[in-house]
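Peer 1: Structure incoming, see below.
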Amino acid sequence: MSSNQDKITYESLLEGNKTWVAETLKVDPNFFDELAAGQTPPILWIGCSDSRVPANQITNTMPGDIFVHRNIANVVTHNDMSLLSVLDYSVNVLKVKHIIVCGHYGCGGVNAAMGNKQVGLIDNWLRNIKDIYHANEQEVAKIQDPQQKFDRMVELNAIHGAKNVMSTSIVQNAWAAGQEIGVHAWVYSLKTGLIKDLNTSASSASDVSPLFKMDIT
């Protein structure tokens with residue numbers, strides 16, 4: 001891995017692009033014409049910015065298949081206008097069928113949030129994960145193995161993110177209008193390459209906690 005990274009330069013990125021275009025056109029001469037015609041991705045992916053978790057590659061999909069939003073530790077909050085803008089566009093314009101919040105084991109953001117070391121400006125962002133840690137403190141405290149505790153916090157962060165998506169007015173209004181949207185929480189393993197479904201899904205407002213269910217008329 002490191003030897004390949006040593007070969008990556010500014011110039012090599014541009015050369016790599018040309019190689020990719022040439023190889024893609026050999027397989028499908030119309031690929032870029034069709035791609036340029038517009039996008040209708042069925043999936044919105046909310047994931048971590050970690051360079052090791054590329055949505056298309058780990059799901060074996062193509063450009064145009066997944067609309068992607070990424071941030072440090074795949075955090076979903078109700079005051080993140082960037083994420084909410086992506087969500088609104090995905091639901092109301094692109095009409096995506098599924099919204100996936102995908103965390104990954106070994107997430108540096110979650111690990112930092114579980115400790116007390118000052119990192120920098122990002123400490124303010126990680127506070128959102130600390131709140132999740134605090135809300136689930138009793139469950140997490142019962143886990144003795146440090147790695148298992150870390151892994152569970154990664155899962156809880158993704159689950160919490162998916163539940164936050166479910167409780168937005170954007171998604172609930174779409175459900176009320178009869179739009180078919182599934183919201184899901186996943187976690188990806190860097191060690192195995194496999195995705196784990198965390199069995200936290202919703203396809204209607206009836207799947208949302210009464211506390212967050214909106215009275216939409």
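Residues are referred to by chain and number: the chain letter is A, B, ... according to the order shown in the structure tokens, the number counts from 1 in that chain, and ligands are numbered separately from 1 in the order shown.
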Out of segment 58-172 of chain A, which residues get alpha helix (DSSP H) from DSSP, as a PDB file with N, CA, C and O atoms, in the first residue's frame?
Peer 2:
```
ATOM      1  N   ILE A  58     -16.726  -0.240  -2.790  1.00  0.00           N
ATOM      2  CA  ILE A  58     -17.074  -1.281  -1.818  1.00  0.00           C
ATOM      3  C   ILE A  58     -18.465  -1.866  -2.049  1.00  0.00           C
ATOM      4  O   ILE A  58     -18.800  -2.895  -1.475  1.00  0.00           O
ATOM      5  N   THR A  59     -19.258  -1.212  -2.904  1.00  0.00           N
ATOM      6  CA  THR A  59     -20.579  -1.753  -3.240  1.00  0.00           C
ATOM      7  C   THR A  59     -20.631  -2.264  -4.679  1.00  0.00           C
ATOM      8  O   THR A  59     -21.682  -2.694  -5.156  1.00  0.00           O
ATOM      9  N   MET A  81     -26.187  22.232   7.502  1.00  0.00           N
ATOM     10  CA  MET A  81     -26.873  22.667   6.290  1.00  0.00           C
ATOM     11  C   MET A  81     -26.326  21.998   5.028  1.00  0.00           C
ATOM     12  O   MET A  81     -27.055  21.840   4.040  1.00  0.00           O
ATOM     13  N   SER A  82     -25.072  21.622   5.045  1.00  0.00           N
ATOM     14  CA  SER A  82     -24.506  20.916   3.894  1.00  0.00           C
ATOM     15  C   SER A  82     -25.197  19.562   3.736  1.00  0.00           C
ATOM     16  O   SER A  82     -25.676  19.208   2.649  1.00  0.00           O
ATOM     17  N   LEU A  83     -25.251  18.807   4.820  1.00  0.00           N
ATOM     18  CA  LEU A  83     -25.900  17.504   4.766  1.00  0.00           C
ATOM     19  C   LEU A  83     -27.388  17.630   4.454  1.00  0.00           C
ATOM     20  O   LEU A  83     -27.934  16.887   3.631  1.00  0.00           O
ATOM     21  N   LEU A  84     -28.060  18.582   5.093  1.00  0.00           N
ATOM     22  CA  LEU A  84     -29.499  18.753   4.866  1.00  0.00           C
ATOM     23  C   LEU A  84     -29.793  19.167   3.426  1.00  0.00           C
ATOM     24  O   LEU A  84     -30.802  18.756   2.850  1.00  0.00           O
ATOM     25  N   SER A  85     -28.906  19.950   2.841  1.00  0.00           N
ATOM     26  CA  SER A  85     -29.081  20.339   1.442  1.00  0.00           C
ATOM     27  C   SER A  85     -28.947  19.131   0.521  1.00  0.00           C
ATOM     28  O   SER A  85     -29.709  18.966  -0.439  1.00  0.00           O
ATOM     29  N   VAL A  86     -27.966  18.288   0.810  1.00  0.00           N
ATOM     30  CA  VAL A  86     -27.783  17.056   0.041  1.00  0.00           C
ATOM     31  C   VAL A  86     -29.000  16.147   0.211  1.00  0.00           C
ATOM     32  O   VAL A  86     -29.506  15.571  -0.762  1.00  0.00           O
ATOM     33  N   LEU A  87     -29.482  16.019   1.433  1.00  0.00           N
ATOM     34  CA  LEU A  87     -30.643  15.185   1.713  1.00  0.00           C
ATOM     35  C   LEU A  87     -31.873  15.703   0.980  1.00  0.00           C
ATOM     36  O   LEU A  87     -32.617  14.936   0.353  1.00  0.00           O
ATOM     37  N   ASP A  88     -32.101  17.007   1.050  1.00  0.00           N
ATOM     38  CA  ASP A  88     -33.263  17.600   0.397  1.00  0.00           C
ATOM     39  C   ASP A  88     -33.217  17.381  -1.119  1.00  0.00           C
ATOM     40  O   ASP A  88     -34.212  17.005  -1.740  1.00  0.00           O
ATOM     41  N   TYR A  89     -32.064  17.616  -1.707  1.00  0.00           N
ATOM     42  CA  TYR A  89     -31.909  17.437  -3.155  1.00  0.00           C
ATOM     43  C   TYR A  89     -32.099  15.968  -3.542  1.00  0.00           C
ATOM     44  O   TYR A  89     -32.753  15.665  -4.551  1.00  0.00           O
ATOM     45  N   GLY A 108     -11.356   6.832  12.952  1.00  0.00           N
ATOM     46  CA  GLY A 108     -10.547   7.710  13.799  1.00  0.00           C
ATOM     47  C   GLY A 108     -11.375   8.761  14.518  1.00  0.00           C
ATOM     48  O   GLY A 108     -11.053   9.135  15.647  1.00  0.00           O
ATOM     49  N   GLY A 109     -12.446   9.228  13.878  1.00  0.00           N
ATOM     50  CA  GLY A 109     -13.301  10.220  14.503  1.00  0.00           C
ATOM     51  C   GLY A 109     -14.008   9.680  15.728  1.00  0.00           C
ATOM     52  O   GLY A 109     -14.063  10.349  16.775  1.00  0.00           O
ATOM     53  N   VAL A 110     -14.540   8.482  15.610  1.00  0.00           N
ATOM     54  CA  VAL A 110     -15.217   7.854  16.749  1.00  0.00           C
ATOM     55  C   VAL A 110     -14.220   7.576  17.859  1.00  0.00           C
ATOM     56  O   VAL A 110     -14.494   7.808  19.040  1.00  0.00           O
ATOM     57  N   ASN A 111     -13.039   7.104  17.486  1.00  0.00           N
ATOM     58  CA  ASN A 111     -12.007   6.812  18.478  1.00  0.00           C
ATOM     59  C   ASN A 111     -11.612   8.067  19.248  1.00  0.00           C
ATOM     60  O   ASN A 111     -11.478   8.049  20.480  1.00  0.00           O
ATOM     61  N   ALA A 112     -11.460   9.176  18.534  1.00  0.00           N
ATOM     62  CA  ALA A 112     -11.091  10.435  19.186  1.00  0.00           C
ATOM     63  C   ALA A 112     -12.204  10.912  20.117  1.00  0.00           C
ATOM     64  O   ALA A 112     -11.941  11.437  21.204  1.00  0.00           O
ATOM     65  N   ALA A 113     -13.457  10.701  19.699  1.00  0.00           N
ATOM     66  CA  ALA A 113     -14.596  11.136  20.509  1.00  0.00           C
ATOM     67  C   ALA A 113     -14.719  10.336  21.797  1.00  0.00           C
ATOM     68  O   ALA A 113     -15.286  10.811  22.780  1.00  0.00           O
ATOM     69  N   ILE A 122     -11.737  20.163  15.101  1.00  0.00           N
ATOM     70  CA  ILE A 122     -12.614  19.007  14.951  1.00  0.00           C
ATOM     71  C   ILE A 122     -13.236  18.559  16.268  1.00  0.00           C
ATOM     72  O   ILE A 122     -14.250  17.854  16.280  1.00  0.00           O
ATOM     73  N   ASP A 123     -12.664  18.970  17.389  1.00  0.00           N
ATOM     74  CA  ASP A 123     -13.241  18.601  18.691  1.00  0.00           C
ATOM     75  C   ASP A 123     -14.703  19.034  18.786  1.00  0.00           C
ATOM     76  O   ASP A 123     -15.527  18.338  19.392  1.00  0.00           O
ATOM     77  N   ASN A 124     -15.028  20.166  18.193  1.00  0.00           N
ATOM     78  CA  ASN A 124     -16.400  20.658  18.217  1.00  0.00           C
ATOM     79  C   ASN A 124     -17.323  19.751  17.418  1.00  0.00           C
ATOM     80  O   ASN A 124     -18.472  19.518  17.794  1.00  0.00           O
ATOM     81  N   TRP A 125     -16.816  19.229  16.312  1.00  0.00           N
ATOM     82  CA  TRP A 125     -17.595  18.309  15.472  1.00  0.00           C
ATOM     83  C   TRP A 125     -17.781  16.967  16.182  1.00  0.00           C
ATOM     84  O   TRP A 125     -18.876  16.392  16.180  1.00  0.00           O
ATOM     85  N   LEU A 126     -16.718  16.493  16.807  1.00  0.00           N
ATOM     86  CA  LEU A 126     -16.770  15.191  17.483  1.00  0.00           C
ATOM     87  C   LEU A 126     -17.648  15.221  18.730  1.00  0.00           C
ATOM     88  O   LEU A 126     -18.023  14.163  19.244  1.00  0.00           O
ATOM     89  N   ARG A 127     -17.974  16.397  19.201  1.00  0.00           N
ATOM     90  CA  ARG A 127     -18.868  16.512  20.356  1.00  0.00           C
ATOM     91  C   ARG A 127     -20.197  15.801  20.082  1.00  0.00           C
ATOM     92  O   ARG A 127     -20.834  15.264  20.990  1.00  0.00           O
ATOM     93  N   ASN A 128     -20.612  15.787  18.826  1.00  0.00           N
ATOM     94  CA  ASN A 128     -21.845  15.083  18.455  1.00  0.00           C
ATOM     95  C   ASN A 128     -21.747  13.592  18.787  1.00  0.00           C
ATOM     96  O   ASN A 128     -22.730  12.979  19.219  1.00  0.00           O
ATOM     97  N   ILE A 129     -20.565  13.016  18.579  1.00  0.00           N
ATOM     98  CA  ILE A 129     -20.379  11.591  18.883  1.00  0.00           C
ATOM     99  C   ILE A 129     -20.254  11.385  20.384  1.00  0.00           C
ATOM    100  O   ILE A 129     -20.720  10.372  20.919  1.00  0.00           O
ATOM    101  N   LYS A 130     -19.652  12.331  21.070  1.00  0.00           N
ATOM    102  CA  LYS A 130     -19.591  12.241  22.534  1.00  0.00           C
ATOM    103  C   LYS A 130     -21.004  12.212  23.125  1.00  0.00           C
ATOM    104  O   LYS A 130     -21.255  11.526  24.120  1.00  0.00           O
ATOM    105  N   ASP A 131     -21.912  12.962  22.535  1.00  0.00           N
ATOM    106  CA  ASP A 131     -23.295  12.959  23.011  1.00  0.00           C
ATOM    107  C   ASP A 131     -23.924  11.579  22.847  1.00  0.00           C
ATOM    108  O   ASP A 131     -24.684  11.123  23.701  1.00  0.00           O
ATOM    109  N   ILE A 132     -23.598  10.908  21.743  1.00  0.00           N
ATOM    110  CA  ILE A 132     -24.098   9.548  21.522  1.00  0.00           C
ATOM    111  C   ILE A 132     -23.481   8.603  22.551  1.00  0.00           C
ATOM    112  O   ILE A 132     -24.157   7.724  23.104  1.00  0.00           O
ATOM    113  N   TYR A 133     -22.190   8.786  22.815  1.00  0.00           N
ATOM    114  CA  TYR A 133     -21.484   7.987  23.823  1.00  0.00           C
ATOM    115  C   TYR A 133     -22.157   8.158  25.190  1.00  0.00           C
ATOM    116  O   TYR A 133     -22.429   7.183  25.895  1.00  0.00           O
ATOM    117  N   HIS A 134     -22.462   9.396  25.521  1.00  0.00           N
ATOM    118  CA  HIS A 134     -23.099   9.688  26.805  1.00  0.00           C
ATOM    119  C   HIS A 134     -24.495   9.073  26.890  1.00  0.00           C
ATOM    120  O   HIS A 134     -24.873   8.498  27.919  1.00  0.00           O
ATOM    121  N   ALA A 135     -25.253   9.161  25.794  1.00  0.00           N
ATOM    122  CA  ALA A 135     -26.623   8.634  25.777  1.00  0.00           C
ATOM    123  C   ALA A 135     -26.654   7.114  25.899  1.00  0.00           C
ATOM    124  O   ALA A 135     -27.640   6.540  26.368  1.00  0.00           O
ATOM    125  N   GLU A 137     -24.149   5.329  27.490  1.00  0.00           N
ATOM    126  CA  GLU A 137     -23.058   5.053  28.415  1.00  0.00           C
ATOM    127  C   GLU A 137     -23.235   3.735  29.168  1.00  0.00           C
ATOM    128  O   GLU A 137     -22.280   2.984  29.364  1.00  0.00           O
ATOM    129  N   GLN A 138     -24.442   3.444  29.591  1.00  0.00           N
ATOM    130  CA  GLN A 138     -24.672   2.219  30.362  1.00  0.00           C
ATOM    131  C   GLN A 138     -24.386   0.978  29.523  1.00  0.00           C
ATOM    132  O   GLN A 138     -23.756   0.029  30.001  1.00  0.00           O
ATOM    133  N   GLU A 139     -24.842   0.979  28.279  1.00  0.00           N
ATOM    134  CA  GLU A 139     -24.592  -0.167  27.398  1.00  0.00           C
ATOM    135  C   GLU A 139     -23.108  -0.318  27.104  1.00  0.00           C
ATOM    136  O   GLU A 139     -22.540  -1.415  27.216  1.00  0.00           O
ATOM    137  N   VAL A 140     -22.467   0.781  26.730  1.00  0.00           N
ATOM    138  CA  VAL A 140     -21.057   0.732  26.338  1.00  0.00           C
ATOM    139  C   VAL A 140     -20.165   0.373  27.523  1.00  0.00           C
ATOM    140  O   VAL A 140     -19.169  -0.350  27.378  1.00  0.00           O
ATOM    141  N   ALA A 141     -20.517   0.838  28.712  1.00  0.00           N
ATOM    142  CA  ALA A 141     -19.705   0.586  29.905  1.00  0.00           C
ATOM    143  C   ALA A 141     -19.660  -0.895  30.258  1.00  0.00           C
ATOM    144  O   ALA A 141     -18.707  -1.363  30.893  1.00  0.00           O
ATOM    145  N   PRO A 146     -11.758  -3.464  24.976  1.00  0.00           N
ATOM    146  CA  PRO A 146     -11.650  -2.129  24.367  1.00  0.00           C
ATOM    147  C   PRO A 146     -12.017  -2.108  22.874  1.00  0.00           C
ATOM    148  O   PRO A 146     -12.666  -1.164  22.408  1.00  0.00           O
ATOM    149  N   GLN A 147     -11.599  -3.151  22.136  1.00  0.00           N
ATOM    150  CA  GLN A 147     -11.892  -3.190  20.701  1.00  0.00           C
ATOM    151  C   GLN A 147     -13.386  -3.353  20.453  1.00  0.00           C
ATOM    152  O   GLN A 147     -13.969  -2.695  19.584  1.00  0.00           O
ATOM    153  N   GLN A 148     -14.020  -4.235  21.230  1.00  0.00           N
ATOM    154  CA  GLN A 148     -15.459  -4.432  21.093  1.00  0.00           C
ATOM    155  C   GLN A 148     -16.229  -3.167  21.475  1.00  0.00           C
ATOM    156  O   GLN A 148     -17.252  -2.832  20.868  1.00  0.00           O
ATOM    157  N   LYS A 149     -15.722  -2.471  22.466  1.00  0.00           N
ATOM    158  CA  LYS A 149     -16.358  -1.212  22.886  1.00  0.00           C
ATOM    159  C   LYS A 149     -16.262  -0.179  21.765  1.00  0.00           C
ATOM    160  O   LYS A 149     -17.245   0.515  21.453  1.00  0.00           O
ATOM    161  N   PHE A 150     -15.095  -0.084  21.154  1.00  0.00           N
ATOM    162  CA  PHE A 150     -14.865   0.821  20.036  1.00  0.00           C
ATOM    163  C   PHE A 150     -15.794   0.474  18.870  1.00  0.00           C
ATOM    164  O   PHE A 150     -16.466   1.339  18.294  1.00  0.00           O
ATOM    165  N   ASP A 151     -15.855  -0.819  18.539  1.00  0.00           N
ATOM    166  CA  ASP A 151     -16.698  -1.272  17.438  1.00  0.00           C
ATOM    167  C   ASP A 151     -18.172  -0.945  17.692  1.00  0.00           C
ATOM    168  O   ASP A 151     -18.896  -0.535  16.779  1.00  0.00           O
ATOM    169  N   ARG A 152     -18.596  -1.124  18.934  1.00  0.00           N
ATOM    170  CA  ARG A 152     -20.001  -0.853  19.244  1.00  0.00           C
ATOM    171  C   ARG A 152     -20.314   0.638  19.121  1.00  0.00           C
ATOM    172  O   ARG A 152     -21.404   1.005  18.646  1.00  0.00           O
ATOM    173  N   MET A 153     -19.373   1.478  19.489  1.00  0.00           N
ATOM    174  CA  MET A 153     -19.594   2.904  19.345  1.00  0.00           C
ATOM    175  C   MET A 153     -19.684   3.305  17.877  1.00  0.00           C
ATOM    176  O   MET A 153     -20.474   4.195  17.500  1.00  0.00           O
ATOM    177  N   VAL A 154     -18.909   2.659  17.027  1.00  0.00           N
ATOM    178  CA  VAL A 154     -19.002   2.897  15.580  1.00  0.00           C
ATOM    179  C   VAL A 154     -20.407   2.544  15.095  1.00  0.00           C
ATOM    180  O   VAL A 154     -21.021   3.288  14.314  1.00  0.00           O
ATOM    181  N   GLU A 155     -20.914   1.409  15.569  1.00  0.00           N
ATOM    182  CA  GLU A 155     -22.258   0.981  15.183  1.00  0.00           C
ATOM    183  C   GLU A 155     -23.317   1.946  15.701  1.00  0.00           C
ATOM    184  O   GLU A 155     -24.244   2.335  14.972  1.00  0.00           O
ATOM    185  N   LEU A 156     -23.201   2.343  16.949  1.00  0.00           N
ATOM    186  CA  LEU A 156     -24.184   3.247  17.541  1.00  0.00           C
ATOM    187  C   LEU A 156     -24.194   4.605  16.838  1.00  0.00           C
ATOM    188  O   LEU A 156     -25.251   5.225  16.677  1.00  0.00           O
ATOM    189  N   ASN A 157     -23.035   5.050  16.400  1.00  0.00           N
ATOM    190  CA  ASN A 157     -22.952   6.312  15.679  1.00  0.00           C
ATOM    191  C   ASN A 157     -23.708   6.238  14.356  1.00  0.00           C
ATOM    192  O   ASN A 157     -24.434   7.164  13.983  1.00  0.00           O
ATOM    193  N   ALA A 158     -23.549   5.119  13.647  1.00  0.00           N
ATOM    194  CA  ALA A 158     -24.264   4.937  12.376  1.00  0.00           C
ATOM    195  C   ALA A 158     -25.766   4.799  12.611  1.00  0.00           C
ATOM    196  O   ALA A 158     -26.582   5.357  11.865  1.00  0.00           O
ATOM    197  N   ILE A 159     -26.134   4.063  13.646  1.00  0.00           N
ATOM    198  CA  ILE A 159     -27.553   3.886  13.981  1.00  0.00           C
ATOM    199  C   ILE A 159     -28.189   5.224  14.339  1.00  0.00           C
ATOM    200  O   ILE A 159     -29.288   5.558  13.874  1.00  0.00           O
ATOM    201  N   HIS A 160     -27.491   5.991  15.154  1.00  0.00           N
ATOM    202  CA  HIS A 160     -27.992   7.304  15.547  1.00  0.00           C
ATOM    203  C   HIS A 160     -28.143   8.215  14.334  1.00  0.00           C
ATOM    204  O   HIS A 160     -29.132   8.956  14.204  1.00  0.00           O
ATOM    205  N   GLY A 161     -27.181   8.137  13.424  1.00  0.00           N
ATOM    206  CA  GLY A 161     -27.248   8.941  12.213  1.00  0.00           C
ATOM    207  C   GLY A 161     -28.449   8.590  11.365  1.00  0.00           C
ATOM    208  O   GLY A 161     -29.149   9.474  10.852  1.00  0.00           O
ATOM    209  N   ALA A 162     -28.716   7.286  11.204  1.00  0.00           N
ATOM    210  CA  ALA A 162     -29.868   6.853  10.423  1.00  0.00           C
ATOM    211  C   ALA A 162     -31.174   7.312  11.070  1.00  0.00           C
ATOM    212  O   ALA A 162     -32.104   7.758  10.389  1.00  0.00           O
ATOM    213  N   LYS A 163     -31.247   7.229  12.381  1.00  0.00           N
ATOM    214  CA  LYS A 163     -32.448   7.679  13.081  1.00  0.00           C
ATOM    215  C   LYS A 163     -32.642   9.187  12.937  1.00  0.00           C
ATOM    216  O   LYS A 163     -33.781   9.665  12.847  1.00  0.00           O
ATOM    217  N   ASN A 164     -31.558   9.925  12.905  1.00  0.00           N
ATOM    218  CA  ASN A 164     -31.663  11.365  12.687  1.00  0.00           C
ATOM    219  C   ASN A 164     -32.189  11.673  11.285  1.00  0.00           C
ATOM    220  O   ASN A 164     -32.959  12.620  11.092  1.00  0.00           O
ATOM    221  N   VAL A 165     -31.768  10.883  10.308  1.00  0.00           N
ATOM    222  CA  VAL A 165     -32.284  11.049   8.945  1.00  0.00           C
ATOM    223  C   VAL A 165     -33.785  10.780   8.925  1.00  0.00           C
ATOM    224  O   VAL A 165     -34.561  11.536   8.332  1.00  0.00           O
ATOM    225  N   MET A 166     -34.198   9.707   9.587  1.00  0.00           N
ATOM    226  CA  MET A 166     -35.618   9.345   9.631  1.00  0.00           C
ATOM    227  C   MET A 166     -36.479  10.447  10.236  1.00  0.00           C
ATOM    228  O   MET A 166     -37.639  10.629   9.849  1.00  0.00           O
ATOM    229  N   SER A 169     -37.760  16.513   8.710  1.00  0.00           N
ATOM    230  CA  SER A 169     -38.994  16.881   8.008  1.00  0.00           C
ATOM    231  C   SER A 169     -38.899  16.519   6.533  1.00  0.00           C
ATOM    232  O   SER A 169     -39.914  16.232   5.889  1.00  0.00           O
ATOM    233  N   ILE A 170     -37.679  16.515   6.003  1.00  0.00           N
ATOM    234  CA  ILE A 170     -37.481  16.179   4.583  1.00  0.00           C
ATOM    235  C   ILE A 170     -37.981  14.770   4.290  1.00  0.00           C
ATOM    236  O   ILE A 170     -38.772  14.551   3.362  1.00  0.00           O
ATOM    237  N   VAL A 171     -37.534  13.818   5.072  1.00  0.00           N
ATOM    238  CA  VAL A 171     -37.918  12.426   4.852  1.00  0.00           C
ATOM    239  C   VAL A 171     -39.368  12.188   5.246  1.00  0.00           C
ATOM    240  O   VAL A 171     -40.124  11.508   4.534  1.00  0.00           O
ATOM    241  N   GLN A 172     -39.786  12.753   6.358  1.00  0.00           N
ATOM    242  CA  GLN A 172     -41.158  12.509   6.811  1.00  0.00           C
ATOM    243  C   GLN A 172     -42.193  13.133   5.881  1.00  0.00           C
ATOM    244  O   GLN A 172     -43.262  12.556   5.653  1.00  0.00           O
TER     245      GLN A 172
END
```
Peer 1: Check the DSSP output for the backbone and give back, as a PyMOL selection string, the residues of chain A in strand (DSSP E).
Peer 2: chain A and resi 43-48+66-71+98-104+182-188+195-202
Peer 1: Produce a file of the selected residues containing N, CA and C atoms, as an mmCIF file, in the first residue's frame.
Peer 2:
```cif
data_model
loop_
_atom_site.group_PDB
_atom_site.id
_atom_site.type_symbol
_atom_site.label_atom_id
_atom_site.label_comp_id
_atom_site.auth_asym_id
_atom_site.auth_seq_id
_atom_site.Cartn_x
_atom_site.Cartn_y
_atom_site.Cartn_z
ATOM 1 N N ILE A 43 -29.636 5.685 -4.798
ATOM 2 C CA ILE A 43 -29.073 5.629 -3.452
ATOM 3 C C ILE A 43 -28.445 6.953 -3.039
ATOM 4 N N LEU A 44 -28.728 7.365 -1.800
ATOM 5 C CA LEU A 44 -27.950 8.433 -1.155
ATOM 6 C C LEU A 44 -27.087 7.768 -0.096
ATOM 7 N N TRP A 45 -25.813 8.013 -0.157
ATOM 8 C CA TRP A 45 -24.833 7.432 0.770
ATOM 9 C C TRP A 45 -24.288 8.525 1.676
ATOM 10 N N ILE A 46 -24.467 8.372 2.972
ATOM 11 C CA ILE A 46 -23.885 9.292 3.942
ATOM 12 C C ILE A 46 -22.787 8.526 4.661
ATOM 13 N N GLY A 47 -21.555 8.849 4.349
ATOM 14 C CA GLY A 47 -20.443 8.065 4.864
ATOM 15 C C GLY A 47 -19.340 8.920 5.445
ATOM 16 N N CYS A 48 -18.286 8.254 5.876
ATOM 17 C CA CYS A 48 -17.128 8.927 6.456
ATOM 18 C C CYS A 48 -16.184 9.394 5.353
ATOM 19 N N ILE A 66 -24.714 6.122 -7.154
ATOM 20 C CA ILE A 66 -24.817 6.539 -5.751
ATOM 21 C C ILE A 66 -24.516 8.029 -5.625
ATOM 22 N N PHE A 67 -25.421 8.754 -4.982
ATOM 23 C CA PHE A 67 -25.208 10.166 -4.642
ATOM 24 C C PHE A 67 -24.560 10.174 -3.265
ATOM 25 N N VAL A 68 -23.447 10.885 -3.106
ATOM 26 C CA VAL A 68 -22.616 10.715 -1.912
ATOM 27 C C VAL A 68 -22.442 12.008 -1.117
ATOM 28 N N HIS A 69 -22.614 11.879 0.196
ATOM 29 C CA HIS A 69 -22.223 12.941 1.134
ATOM 30 C C HIS A 69 -21.286 12.300 2.145
ATOM 31 N N ARG A 70 -20.141 12.939 2.387
ATOM 32 C CA ARG A 70 -19.179 12.392 3.339
ATOM 33 C C ARG A 70 -18.704 13.479 4.286
ATOM 34 N N ASN A 71 -18.492 13.100 5.525
ATOM 35 C CA ASN A 71 -17.886 14.006 6.500
ATOM 36 C C ASN A 71 -17.113 13.174 7.515
ATOM 37 N N HIS A 98 -33.298 4.786 -1.505
ATOM 38 C CA HIS A 98 -32.695 4.356 -0.244
ATOM 39 C C HIS A 98 -31.671 5.384 0.224
ATOM 40 N N ILE A 99 -31.638 5.602 1.533
ATOM 41 C CA ILE A 99 -30.646 6.466 2.163
ATOM 42 C C ILE A 99 -29.867 5.606 3.153
ATOM 43 N N ILE A 100 -28.571 5.538 2.970
ATOM 44 C CA ILE A 100 -27.735 4.670 3.796
ATOM 45 C C ILE A 100 -26.728 5.501 4.578
ATOM 46 N N VAL A 101 -26.744 5.347 5.881
ATOM 47 C CA VAL A 101 -25.702 5.939 6.726
ATOM 48 C C VAL A 101 -24.718 4.817 7.024
ATOM 49 N N CYS A 102 -23.503 4.942 6.524
ATOM 50 C CA CYS A 102 -22.524 3.852 6.656
ATOM 51 C C CYS A 102 -21.285 4.309 7.430
ATOM 52 N N GLY A 103 -21.086 3.716 8.598
ATOM 53 C CA GLY A 103 -19.872 3.943 9.359
ATOM 54 C C GLY A 103 -18.840 2.884 9.009
ATOM 55 N N HIS A 104 -17.703 2.925 9.649
ATOM 56 C CA HIS A 104 -16.704 1.878 9.413
ATOM 57 C C HIS A 104 -15.914 1.623 10.689
ATOM 58 N N GLY A 182 -36.340 4.107 1.779
ATOM 59 C CA GLY A 182 -35.858 3.306 2.894
ATOM 60 C C GLY A 182 -34.631 3.967 3.497
ATOM 61 N N VAL A 183 -34.561 4.016 4.804
ATOM 62 C CA VAL A 183 -33.401 4.580 5.492
ATOM 63 C C VAL A 183 -32.726 3.455 6.264
ATOM 64 N N HIS A 184 -31.419 3.347 6.170
ATOM 65 C CA HIS A 184 -30.709 2.196 6.731
ATOM 66 C C HIS A 184 -29.395 2.596 7.396
ATOM 67 N N ALA A 185 -28.963 1.797 8.362
ATOM 68 C CA ALA A 185 -27.660 1.975 9.011
ATOM 69 C C ALA A 185 -26.782 0.766 8.693
ATOM 70 N N TRP A 186 -25.589 1.037 8.191
ATOM 71 C CA TRP A 186 -24.623 -0.006 7.855
ATOM 72 C C TRP A 186 -23.284 0.306 8.524
ATOM 73 N N VAL A 187 -22.423 -0.708 8.570
ATOM 74 C CA VAL A 187 -21.048 -0.475 8.997
ATOM 75 C C VAL A 187 -20.129 -1.337 8.133
ATOM 76 N N TYR A 188 -19.002 -0.770 7.759
ATOM 77 C CA TYR A 188 -18.059 -1.419 6.847
ATOM 78 C C TYR A 188 -16.807 -1.837 7.612
ATOM 79 N N ILE A 195 -19.654 -5.400 4.359
ATOM 80 C CA ILE A 195 -20.590 -4.464 4.965
ATOM 81 C C ILE A 195 -21.558 -5.235 5.860
ATOM 82 N N LYS A 196 -21.824 -4.694 7.031
ATOM 83 C CA LYS A 196 -22.769 -5.298 7.972
ATOM 84 C C LYS A 196 -24.013 -4.427 8.061
ATOM 85 N N ASP A 197 -25.172 -5.046 7.847
ATOM 86 C CA ASP A 197 -26.448 -4.366 8.021
ATOM 87 C C ASP A 197 -26.746 -4.331 9.521
ATOM 88 N N LEU A 198 -26.941 -3.151 10.076
ATOM 89 C CA LEU A 198 -27.156 -3.007 11.517
ATOM 90 C C LEU A 198 -28.625 -3.173 11.914
ATOM 91 N N ASN A 199 -29.449 -3.603 10.958
ATOM 92 C CA ASN A 199 -30.862 -3.890 11.232
ATOM 93 C C ASN A 199 -31.582 -2.702 11.862
ATOM 94 N N THR A 200 -31.245 -1.527 11.372
ATOM 95 C CA THR A 200 -31.938 -0.303 11.772
ATOM 96 C C THR A 200 -32.429 0.358 10.495
ATOM 97 N N SER A 201 -33.654 0.068 10.127
ATOM 98 C CA SER A 201 -34.209 0.563 8.877
ATOM 99 C C SER A 201 -35.605 1.126 9.104
ATOM 100 N N ALA A 202 -36.006 2.001 8.210
ATOM 101 C CA ALA A 202 -37.353 2.558 8.256
ATOM 102 C C ALA A 202 -37.821 2.824 6.833
#
```
Peer 1: Considering only C-alpha atoms, state which residue in the set A:Met62, A:Leu25, A:Leu190, A:Ala36 is at the smallest distance from Cys107 of chain A.
Peer 2: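 Counting only C-alpha atoms, the residue closest to Cys107 of chain A is A:Leu190.
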Peer 1: Of the candidates A:Ser204, A:Asn79, A:Thr19, A:Gln57, which one gets nearest to Ala177 of chain A if we count only C-alpha atoms?
Peer 2: A:Ser204
Peer 1: Tell me which of A:Glu15, A:Asp65, A:Asp145, A:Glu180 sits closest to Gly38 of chain A, counting only C-alpha atoms.
Peer 2: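 Comparing A:Glu15, A:Asp65, A:Asp145, A:Glu180 against Gly38 of chain A, the winner is A:Asp65.
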Peer 1: Which one of A:Leu121, A:Ser167, A:Met114, A:Ile143 sits closest to Val208 of chain A if you count only C-alpha atoms?
Peer 2: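 Closest candidate: A:Ser167.
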Peer 1: Between atom CA of Ser90 of chain A and atom CA of Leu35 of chain A, measure the distance and give it in Å to one decimal.
Peer 2: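 Going from atom CA of Ser90 of chain A over to atom CA of Leu35 of chain A covers 17.5 Å.
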